[in-house]
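J.: Pasting protein_15.txt here (compact mmCIF, C-alpha atoms):
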```
# COMPACT_ATOMS: atom_id res chain seq x y z
CA MET W 1 -10.28 -23.10 10.77
CA MET W 2 -11.22 -24.55 14.18
CA ARG W 3 -12.78 -28.03 14.02
CA ARG W 4 -15.79 -28.77 16.20
CA LEU W 5 -14.95 -30.99 19.17
CA PRO W 6 -16.88 -34.26 19.27
CA GLN W 7 -19.12 -34.94 22.24
CA VAL W 8 -17.30 -36.90 24.93
CA THR W 9 -18.74 -38.87 27.85
CA ALA W 10 -18.22 -37.75 31.41
CA PHE W 11 -16.09 -40.74 32.42
CA LEU W 12 -13.16 -39.88 30.09
CA SER W 13 -9.95 -39.42 32.03
CA ALA W 14 -8.21 -36.06 32.37
CA ALA W 15 -5.36 -37.34 30.22
CA ALA W 16 -7.77 -38.25 27.42
CA LEU W 17 -9.35 -34.81 27.59
CA LEU W 18 -5.94 -33.17 27.30
CA THR W 19 -5.21 -35.26 24.23
CA LEU W 20 -8.50 -34.28 22.61
CA THR W 21 -7.96 -30.61 23.40
CA GLY W 22 -4.45 -30.68 21.97
CA CYS W 23 -5.54 -32.11 18.65
CA VAL W 24 -7.42 -28.94 17.68
CA THR W 25 -4.64 -26.45 18.41
CA VAL W 26 -4.33 -24.15 15.42
CA HIS W 27 -0.91 -22.85 14.41
CA GLY W 28 -1.03 -19.75 12.20
CA GLU W 29 2.34 -20.63 10.70
CA ARG W 30 1.17 -24.08 9.48
CA GLU W 31 -2.61 -24.31 9.24
CA ILE W 32 -4.67 -22.58 6.57
CA ILE W 33 -6.89 -20.31 8.65
CA PRO W 34 -8.57 -16.92 8.27
CA ALA W 35 -5.98 -14.16 8.67
CA VAL W 36 -8.15 -12.51 11.33
CA THR W 37 -11.68 -12.66 12.72
CA LYS W 38 -14.11 -10.01 11.54
CA ALA W 39 -14.17 -8.60 15.06
CA GLY W 40 -10.38 -8.47 15.06
CA ALA W 41 -10.41 -6.72 11.67
CA ALA W 42 -12.85 -4.11 13.01
CA ASP W 43 -10.59 -3.53 16.02
CA ALA W 44 -7.58 -3.10 13.72
CA LEU W 45 -9.46 -0.53 11.62
CA ASP W 46 -10.51 1.42 14.73
CA ARG W 47 -6.95 1.35 16.07
CA PHE W 48 -5.66 2.62 12.72
CA THR W 49 -8.06 5.56 12.49
CA ASP W 50 -7.41 6.52 16.11
CA GLY W 51 -3.65 6.44 15.55
CA TYR W 52 -3.90 8.19 12.19
CA ASN W 53 -5.92 11.05 13.67
CA LYS W 54 -3.69 11.41 16.72
CA ALA W 55 -0.54 11.43 14.56
CA ASN W 56 -1.99 14.15 12.33
CA ARG W 57 -3.15 16.27 15.26
CA GLU W 58 0.22 16.05 16.98
CA LEU W 59 2.26 15.70 13.75
CA ASP W 60 4.11 12.91 15.53
CA PRO W 61 5.86 10.29 13.34
CA ALA W 62 6.26 7.98 16.35
CA VAL W 63 2.49 7.71 16.76
CA ASN W 64 2.11 7.03 13.05
CA ALA W 65 4.71 4.26 13.24
CA GLN W 66 2.45 2.37 15.65
CA VAL W 67 -0.33 1.95 13.07
CA GLU W 68 1.32 2.05 9.63
CA THR W 69 4.02 0.14 7.80
CA GLY W 70 5.40 -0.26 4.28
CA ALA W 71 4.76 2.31 1.57
CA LEU W 72 1.95 4.05 3.45
CA HIS W 73 4.22 4.50 6.45
CA ALA W 74 7.05 5.92 4.32
CA MET W 75 4.73 8.48 2.77
CA SER W 76 3.13 9.48 6.06
CA GLN W 77 6.43 9.84 7.90
CA ALA W 78 7.70 12.36 5.37
CA ASP W 79 4.39 14.21 5.29
CA LEU W 80 4.26 14.55 9.09
CA LYS W 81 7.88 15.71 9.22
CA ALA W 82 7.27 18.35 6.55
CA ARG W 83 4.06 19.68 8.09
CA ARG W 84 5.69 19.89 11.51
CA VAL W 85 8.17 22.41 10.07
CA GLU W 86 5.24 24.70 9.27
CA HIS W 87 3.21 23.78 12.36
CA PRO W 88 5.69 23.06 15.19
CA GLY W 89 2.86 23.00 17.73
CA GLY W 90 0.90 20.38 15.81
CA MET W 91 -2.53 20.74 14.24
CA PRO W 92 -5.06 20.29 17.06
CA ASP W 93 -7.94 21.23 14.72
CA TYR W 94 -7.04 18.56 12.16
CA PRO W 95 -10.35 17.18 10.83
CA ALA W 96 -10.66 13.59 11.98
CA LEU W 97 -10.71 10.85 9.36
CA LYS W 98 -13.73 8.58 9.71
CA LEU W 99 -13.92 5.23 7.95
CA THR W 100 -17.36 3.64 8.02
CA ASP W 101 -19.45 0.97 6.25
CA ALA W 102 -16.45 -1.35 6.46
CA ARG W 103 -16.52 -4.54 4.43
CA PHE W 104 -13.69 -6.82 5.45
CA VAL W 105 -12.09 -9.01 2.80
CA ILE W 106 -10.24 -11.65 4.82
CA PRO W 107 -8.24 -14.42 3.13
CA GLU W 108 -7.47 -17.84 4.52
CA GLN W 109 -3.70 -18.23 4.76
CA ALA W 110 -0.94 -20.38 6.16
CA GLY W 111 2.24 -18.82 7.49
CA TRP W 112 3.26 -15.21 8.05
CA PRO W 113 2.87 -12.41 7.19
CA LYS W 114 -0.91 -12.36 6.97
CA PHE W 115 -3.10 -9.61 5.54
CA PHE W 116 -6.66 -8.46 4.98
CA VAL W 117 -8.42 -5.56 3.25
CA ALA W 118 -10.88 -3.10 4.79
CA ASP W 119 -13.13 -1.69 2.04
CA THR W 120 -14.59 1.47 3.59
CA ASP W 121 -16.43 4.72 3.10
CA SER W 122 -14.56 7.83 4.22
CA ASN W 123 -15.71 11.28 5.22
CA ARG W 124 -13.21 12.76 2.74
CA ASP W 125 -14.95 11.96 -0.55
CA ASP W 126 -17.50 9.70 -2.25
CA ASN W 127 -15.02 6.97 -3.12
CA ARG W 128 -14.22 3.72 -1.37
CA TRP W 129 -11.02 3.68 0.66
CA LEU W 130 -9.30 0.30 0.64
CA VAL W 131 -6.88 -0.08 3.54
CA VAL W 132 -4.62 -3.14 3.43
CA PHE W 133 -3.49 -4.40 6.83
CA THR W 134 -0.57 -6.73 7.50
CA ARG W 135 1.24 -8.27 10.43
CA GLY W 136 4.29 -10.50 10.60
CA GLY W 137 3.35 -12.66 13.58
CA ALA W 138 0.74 -13.42 16.19
CA ASP W 139 2.48 -11.17 18.73
CA GLU W 140 2.58 -8.15 16.39
CA PRO W 141 -0.15 -5.53 15.91
CA TRP W 142 -2.00 -5.09 12.63
CA LYS W 143 -0.65 -2.12 10.66
CA ALA W 144 -1.88 -0.44 7.48
CA ALA W 145 0.56 -1.02 4.61
CA TYR W 146 -1.37 0.26 1.57
CA LEU W 147 -4.15 2.74 0.93
CA SER W 148 -6.03 2.87 -2.36
CA VAL W 149 -8.90 5.19 -3.24
CA LEU W 150 -11.26 3.60 -5.77
CA SER W 151 -14.59 4.59 -7.20
CA ARG W 152 -17.43 2.31 -6.16
CA GLU W 153 -17.50 0.82 -9.65
CA GLU W 154 -13.80 0.01 -9.54
CA VAL W 155 -13.99 -2.14 -6.41
CA PRO W 156 -14.03 -5.72 -7.73
CA GLU W 157 -16.07 -8.68 -6.60
CA PHE W 158 -13.67 -10.86 -4.64
CA THR W 159 -13.64 -14.63 -4.80
CA VAL W 160 -14.90 -16.05 -1.50
CA ASP W 161 -15.73 -19.53 -0.27
CA GLU W 162 -18.98 -20.70 1.32
CA ASP W 163 -17.86 -19.26 4.66
CA GLY W 164 -17.07 -15.86 3.16
CA TRP W 165 -13.26 -16.12 3.27
CA ALA W 166 -11.29 -14.62 0.39
CA GLN W 167 -8.56 -16.31 -1.64
CA PRO W 168 -5.05 -14.84 -1.64
CA VAL W 169 -2.69 -15.14 -4.60
CA THR W 170 0.25 -17.19 -3.42
CA GLY W 171 2.38 -16.36 -6.46
CA GLY W 172 4.57 -18.45 -8.69
CA SER W 173 4.06 -19.79 -12.18
CA GLY W 174 0.87 -21.57 -11.15
CA SER W 175 -1.00 -18.40 -10.21
CA GLY W 176 -3.09 -18.50 -13.39
CA LEU W 177 -2.61 -14.76 -13.78
CA LEU W 178 -1.06 -12.70 -16.57
CA THR W 179 1.85 -12.01 -14.21
CA ASP W 180 2.89 -13.01 -10.73
CA PRO W 181 2.07 -10.11 -8.34
CA ALA W 182 5.62 -10.42 -6.97
CA LYS W 183 6.89 -9.32 -10.40
CA LEU W 184 4.76 -6.19 -10.65
CA SER W 185 7.20 -3.76 -9.03
CA PRO W 186 10.23 -4.87 -11.11
CA ALA W 187 8.11 -4.92 -14.27
CA TYR W 188 6.71 -1.46 -13.60
CA THR W 189 10.07 0.15 -12.85
CA ASP W 190 11.57 -1.53 -15.94
CA TYR W 191 8.72 -0.10 -18.02
CA LEU W 192 9.27 3.41 -16.67
CA GLN W 193 12.98 3.19 -17.43
CA SER W 194 12.70 1.70 -20.92
CA GLY W 195 9.26 2.82 -22.08
CA GLU W 196 8.83 -0.61 -23.60
CA GLY W 197 6.46 -3.50 -23.05
CA ARG W 198 2.74 -4.29 -23.27
CA LEU W 199 2.12 -5.65 -19.78
CA PHE W 200 0.53 -2.40 -18.54
CA SER W 201 -2.39 -0.61 -20.17
CA ALA W 202 -2.08 3.04 -21.16
CA GLY W 203 -3.05 5.63 -18.55
CA TYR W 204 -1.86 8.26 -16.11
CA ALA W 205 0.40 5.80 -14.22
CA THR W 206 2.06 4.41 -17.34
CA SER W 207 2.03 6.28 -20.66
CA GLY W 208 1.17 9.47 -18.77
CA GLN W 209 4.34 9.15 -16.69
CA LEU W 210 6.43 8.63 -19.81
CA GLU W 211 4.94 11.71 -21.47
CA TYR W 212 5.68 13.84 -18.39
CA ARG W 213 9.26 12.62 -18.29
CA GLU W 214 9.76 13.37 -21.95
CA GLN W 215 8.58 16.94 -21.39
CA GLU W 216 10.83 17.42 -18.38
CA SER W 217 13.91 15.62 -19.69
CA ARG W 218 15.51 18.72 -21.22
CA THR W 219 14.57 22.39 -21.24
CA PRO W 220 16.64 25.52 -21.94
CA LYS W 221 17.17 26.04 -18.18
CA TYR W 222 17.56 22.49 -16.82
CA TRP W 223 17.47 18.81 -17.60
CA THR W 224 16.01 16.00 -15.53
CA GLN W 225 17.10 12.44 -14.96
CA PHE W 226 14.66 9.81 -13.71
CA ALA W 227 15.51 6.53 -12.00
CA ASP W 228 13.18 3.82 -10.68
CA GLN W 229 13.81 0.85 -8.41
CA PRO W 230 11.54 -1.99 -7.31
CA ALA W 231 10.29 -1.90 -3.73
CA LYS W 232 11.30 -5.19 -2.17
CA PRO W 233 9.86 -7.39 0.56
CA PRO W 234 9.64 -7.87 3.43
CA GLU W 235 9.18 -4.12 4.02
CA TYR W 236 7.23 -3.61 0.81
CA ALA W 237 5.63 -6.99 0.18
CA PRO W 238 3.16 -7.11 -2.74
CA LEU W 239 -0.26 -8.49 -1.80
CA ALA W 240 -3.10 -9.76 -3.96
CA LEU W 241 -6.59 -11.24 -3.71
CA ARG W 242 -8.40 -13.24 -6.37
CA THR W 243 -11.48 -11.76 -8.01
CA GLN W 244 -14.57 -13.41 -9.46
CA ASP W 245 -13.58 -12.58 -13.04
CA GLY W 246 -10.59 -14.92 -12.78
CA GLY W 247 -8.07 -12.16 -12.17
CA ALA W 248 -6.83 -10.46 -9.03
CA LEU W 249 -6.59 -7.11 -7.29
CA ALA W 250 -2.94 -6.51 -6.39
CA PHE W 251 -1.15 -3.91 -4.30
CA PHE W 252 2.53 -3.03 -4.74
CA ALA W 253 5.05 -0.23 -4.24
CA ALA W 254 7.98 1.27 -6.17
CA HIS W 255 10.78 3.81 -5.61
CA HIS W 256 11.33 6.82 -7.89
CA THR W 257 14.13 9.40 -8.07
CA GLN W 258 14.08 12.63 -10.05
CA LYS W 259 17.28 14.71 -10.36
CA GLN W 260 17.08 18.19 -11.84
CA THR W 261 20.35 19.76 -12.99
CA MET W 262 20.55 23.41 -14.00
CA ALA W 263 22.02 24.33 -17.39
CA GLU W 264 25.21 26.35 -17.68
CA GLY W 265 24.65 29.90 -16.46
CA PHE W 266 21.57 29.05 -14.35
CA THR W 267 21.21 28.35 -10.64
CA ILE W 268 18.32 27.37 -8.42
CA ASN W 269 17.08 30.55 -6.73
CA LYS W 270 14.24 28.98 -4.79
CA VAL W 271 12.59 25.61 -4.27
CA ASN W 272 8.92 26.45 -4.73
CA ASP W 273 7.48 23.24 -3.27
CA ALA W 274 6.82 23.67 0.47
CA LYS W 275 7.17 19.97 1.24
CA ALA W 276 10.43 19.68 -0.69
CA ASN W 277 11.75 22.71 1.18
CA ALA W 278 10.85 21.18 4.52
CA LEU W 279 12.58 17.89 3.67
CA LEU W 280 15.56 19.44 1.89
CA THR W 281 19.08 18.55 2.99
CA GLY W 282 22.06 20.38 1.53
CA GLU W 283 22.07 23.60 -0.47
CA ALA W 284 20.13 23.43 -3.73
CA GLU W 285 22.20 25.54 -6.13
CA LYS W 286 22.85 23.48 -9.24
CA THR W 287 20.96 20.25 -8.54
CA LEU W 288 17.81 19.14 -6.78
CA THR W 289 17.09 15.45 -6.23
CA LEU W 290 13.57 14.39 -5.25
CA ILE W 291 13.01 10.89 -3.85
CA ARG W 292 9.52 9.44 -3.94
CA ILE W 293 7.65 6.24 -3.27
CA SER W 294 4.47 5.11 -4.99
CA GLN W 295 1.80 2.65 -3.90
CA SER W 296 -0.58 1.24 -6.47
CA ALA W 297 -3.67 -0.92 -6.77
CA VAL W 298 -3.90 -2.76 -10.08
CA LYS W 299 -6.24 -5.20 -11.74
CA VAL W 300 -4.32 -8.24 -12.98
CA PRO W 301 -6.25 -10.33 -15.55
CA ALA W 302 -6.26 -14.09 -15.88
CA ALA W 303 -3.44 -15.53 -17.98
CA ASP W 304 -5.85 -16.73 -20.67
CA GLU W 305 -7.66 -13.40 -21.12
CA VAL W 306 -7.26 -12.37 -24.76
CA GLY W 307 -5.38 -9.06 -25.00
CA GLY W 308 -5.27 -8.79 -21.23
CA GLN W 309 -3.17 -6.08 -19.59
CA VAL W 310 -2.54 -4.92 -16.04
CA VAL W 311 -4.74 -1.88 -15.34
CA PHE W 312 -3.90 0.74 -12.71
CA LEU W 313 -6.95 1.56 -10.62
CA ASN W 314 -5.14 3.90 -8.23
CA ARG W 315 -1.61 5.20 -7.78
CA LEU W 316 -0.54 7.40 -4.89
CA GLU W 317 2.93 8.94 -4.92
CA GLY W 318 4.62 10.78 -2.08
CA LEU W 319 7.85 12.72 -1.65
CA THR W 320 10.01 11.16 1.06
CA ALA W 321 13.29 13.09 0.77
CA ALA W 322 14.95 15.98 -1.08
CA ARG W 323 18.65 16.71 -1.56
CA GLY W 324 20.36 19.81 -2.88
CA GLY W 325 23.72 20.11 -4.54
```
Please re-express this file's structure in structure tokens.

T.:
Amino acid sequence: MMRRLPQVTAFLSAAALLTLTGCVTVHGEREIIPAVTKAGAADALDRFTDGYNKANRELDPAVNAQVETGALHAMSQADLKARRVEHPGGMPDYPALKLTDARFVIPEQAGWPKFFVADTDSNRDDNRWLVVFTRGGADEPWKAAYLSVLSREEVPEFTVDEDGWAQPVTGGSGSGLLTDPAKLSPAYTDYLQSGEGRLFSAGYATSGQLEYREQESRTPKYWTQFADQPAKPPEYAPLALRTQDGGALAFFAAHHTQKQTMAEGFTINKVNDAKANALLTGEAEKTLTLIRISQSAVKVPAADEVGGQVVFLNRLEGLTAARGG
């Protein structure tokens, strides 16, 4: 944070003034400072919505790449590519996304990358849309890396100091949390593969996924194999902010693969999913492999919370590629 310059008398030399001015230079890579000003955060949100709407009108992945990164970018790129197959001339009547009533949750940080959260109302539904922005350096633009849609009751109270700046989770064993946010993606993908562990609470993103996989694993006509891999930084860096209950709200991503193989005597006649068809490479006769990425917002409790578990508040999953065989 900038320190206030002391009053100086008029007879100080130019050299002395230069020395005084130099002593308050703030380096984002060393000093603990707010990630962005509130005005800068508002500008980043406006730039995002403008780019998002233009990309969806023109169905242009290049425009999208200017305002998104990480898991959100991966999902949007595939979506735009698929819709362009059906609408080669774009979608000029695409209803514009409007994000209003923005509440900016801005942490104080040292080093790069930096991030902040825009907690907004959207014209799509009655929920709060939390857009997480990141940038890797002072000369880079802010880009949206995660999007989570939470009910108003699910949005936590963030820990802030007397100046209103939030507190990021820096990670490591001293985080005071049930788990380090950096370990969420590996822990989640391990859980999906093994079905074991008590770190995550039951719900659609956890036990619900296991139940679906059990149902799909083998049928008279086909069987399905599932594979999951952690999404790794720097492209998919997990981010977290401390909350007033002693825990944190964390955002992370994961990769998922689903391979469907037809039983003896059966072939794939048609891929019924329009998006999978648009993204399909190869001829789907005996196998169809679907590649997805998920982005999640989870509530991580404090390490000393009795019976505490990580709770999924929102999980968005998107198809990014499809392969036939």

J.: Find, counting only C-alpha atoms, the residue in W:Ala278, W:Ile291, W:Ala182, W:Ala44 that gets nearest to Arg135 of chain W.

T.: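 Among the listed residues, the smallest separation from Arg135 of chain W belongs to W:Ala44.
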
J.: Excluding Thr320 of chain W and its own-chain neighbours fewer than 4 positions away, which residues fall within 12 Å of it when counting all atoms listed in the file? Please give them as a ChimeraX atom specification.

T.: /W:71-82,255-258,275-281,289-294

J.: Kindly save the residues from that selection, with C-alpha atoms included, as a PDB file, keeping the file's coordinate frame.

T.:
```pdb
ATOM      1  CA  ALA W  71       4.760   2.310   1.570  1.00  0.00           C
ATOM      2  CA  LEU W  72       1.950   4.050   3.450  1.00  0.00           C
ATOM      3  CA  HIS W  73       4.220   4.500   6.450  1.00  0.00           C
ATOM      4  CA  ALA W  74       7.050   5.920   4.320  1.00  0.00           C
ATOM      5  CA  MET W  75       4.730   8.480   2.770  1.00  0.00           C
ATOM      6  CA  SER W  76       3.130   9.480   6.060  1.00  0.00           C
ATOM      7  CA  GLN W  77       6.430   9.840   7.900  1.00  0.00           C
ATOM      8  CA  ALA W  78       7.700  12.360   5.370  1.00  0.00           C
ATOM      9  CA  ASP W  79       4.390  14.210   5.290  1.00  0.00           C
ATOM     10  CA  LEU W  80       4.260  14.550   9.090  1.00  0.00           C
ATOM     11  CA  LYS W  81       7.880  15.710   9.220  1.00  0.00           C
ATOM     12  CA  ALA W  82       7.270  18.350   6.550  1.00  0.00           C
ATOM     13  CA  HIS W 255      10.780   3.810  -5.610  1.00  0.00           C
ATOM     14  CA  HIS W 256      11.330   6.820  -7.890  1.00  0.00           C
ATOM     15  CA  THR W 257      14.130   9.400  -8.070  1.00  0.00           C
ATOM     16  CA  GLN W 258      14.080  12.630 -10.050  1.00  0.00           C
ATOM     17  CA  LYS W 275       7.170  19.970   1.240  1.00  0.00           C
ATOM     18  CA  ALA W 276      10.430  19.680  -0.690  1.00  0.00           C
ATOM     19  CA  ASN W 277      11.750  22.710   1.180  1.00  0.00           C
ATOM     20  CA  ALA W 278      10.850  21.180   4.520  1.00  0.00           C
ATOM     21  CA  LEU W 279      12.580  17.890   3.670  1.00  0.00           C
ATOM     22  CA  LEU W 280      15.560  19.440   1.890  1.00  0.00           C
ATOM     23  CA  THR W 281      19.080  18.550   2.990  1.00  0.00           C
ATOM     24  CA  THR W 289      17.090  15.450  -6.230  1.00  0.00           C
ATOM     25  CA  LEU W 290      13.570  14.390  -5.250  1.00  0.00           C
ATOM     26  CA  ILE W 291      13.010  10.890  -3.850  1.00  0.00           C
ATOM     27  CA  ARG W 292       9.520   9.440  -3.940  1.00  0.00           C
ATOM     28  CA  ILE W 293       7.650   6.240  -3.270  1.00  0.00           C
ATOM     29  CA  SER W 294       4.470   5.110  -4.990  1.00  0.00           C
TER      30      SER W 294
END
```

J.: Report the distance between atom CA of Thr267 of chain W and atom CA of Gly282 of chain W in Å, rounded to one decimal place.

T.: 14.6 Å

J.: Show me, as a compact mmCIF listing (two decimals) with C-alpha atoms, in the frame of the given file, the residues that have an atom within 7 Å of segment 96-106 of chain W when counting only C-alpha atoms, minus same-chain residues fewer than 5 positions from it.

T.:
```txt
# COMPACT_ATOMS: atom_id res chain seq x y z
CA PRO W 34 -8.57 -16.92 8.27
CA ALA W 35 -5.98 -14.16 8.67
CA VAL W 36 -8.15 -12.51 11.33
CA LYS W 38 -14.11 -10.01 11.54
CA THR W 49 -8.06 5.56 12.49
CA ASN W 53 -5.92 11.05 13.67
CA PHE W 116 -6.66 -8.46 4.98
CA VAL W 117 -8.42 -5.56 3.25
CA ALA W 118 -10.88 -3.10 4.79
CA ASP W 119 -13.13 -1.69 2.04
CA THR W 120 -14.59 1.47 3.59
CA ASP W 121 -16.43 4.72 3.10
CA SER W 122 -14.56 7.83 4.22
CA ASN W 123 -15.71 11.28 5.22
CA TRP W 165 -13.26 -16.12 3.27
CA ALA W 166 -11.29 -14.62 0.39
```

J.: Counting only C-alpha atoms, which residue out of W:Lys183, W:Lys221, W:Arg213, W:Lys270 sits closest to Phe251 of chain W?

T.: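 Closest to Phe251 of chain W of all the choices is W:Lys183.
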
J.: Contacts of Leu199 of chain W at 8 Å or less, counting all atoms listed in the file, minus same-chain residues fewer than 2 places along, as number ranges by chain?

T.: W: 197, 201, 309-310

J.: Need to verify the contact set: Trp142 of chain W, 10 Å, only C-alpha atoms, exclusion of same-chain residues closer than 5 positions in sequence. Can you return it as JSON, numbers by chain?

T.: {"W": [36, 40, 41, 43, 44, 45, 47, 48, 66, 67, 68, 69, 114, 115, 116, 132, 133, 134, 135, 136, 137]}

J.: Choose the residue, out of W:Glu305, W:Glu108, W:Asp228, W:Glu216, that has the smallest atom-to-atom separation from Pro186 of chain W; count all atoms listed in the file.

T.: W:Asp228

J.: Please report the interatomic distance between atom CA of Thr224 of chain W and atom CA of Tyr212 of chain W in Å with one decimal.

T.: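 Taking atom CA of Thr224 of chain W as the start and atom CA of Tyr212 of chain W as the end point, the length is 10.9 Å.
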
J.: Of the candidates W:Pro233, W:Gly247, W:Gly195, W:Gly325, which shows the shortest atom-to-atom distance to Gly308 of chain W, using only C-alpha atoms?

T.: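 Result for the nearest residue to Gly308 of chain W: W:Gly247.
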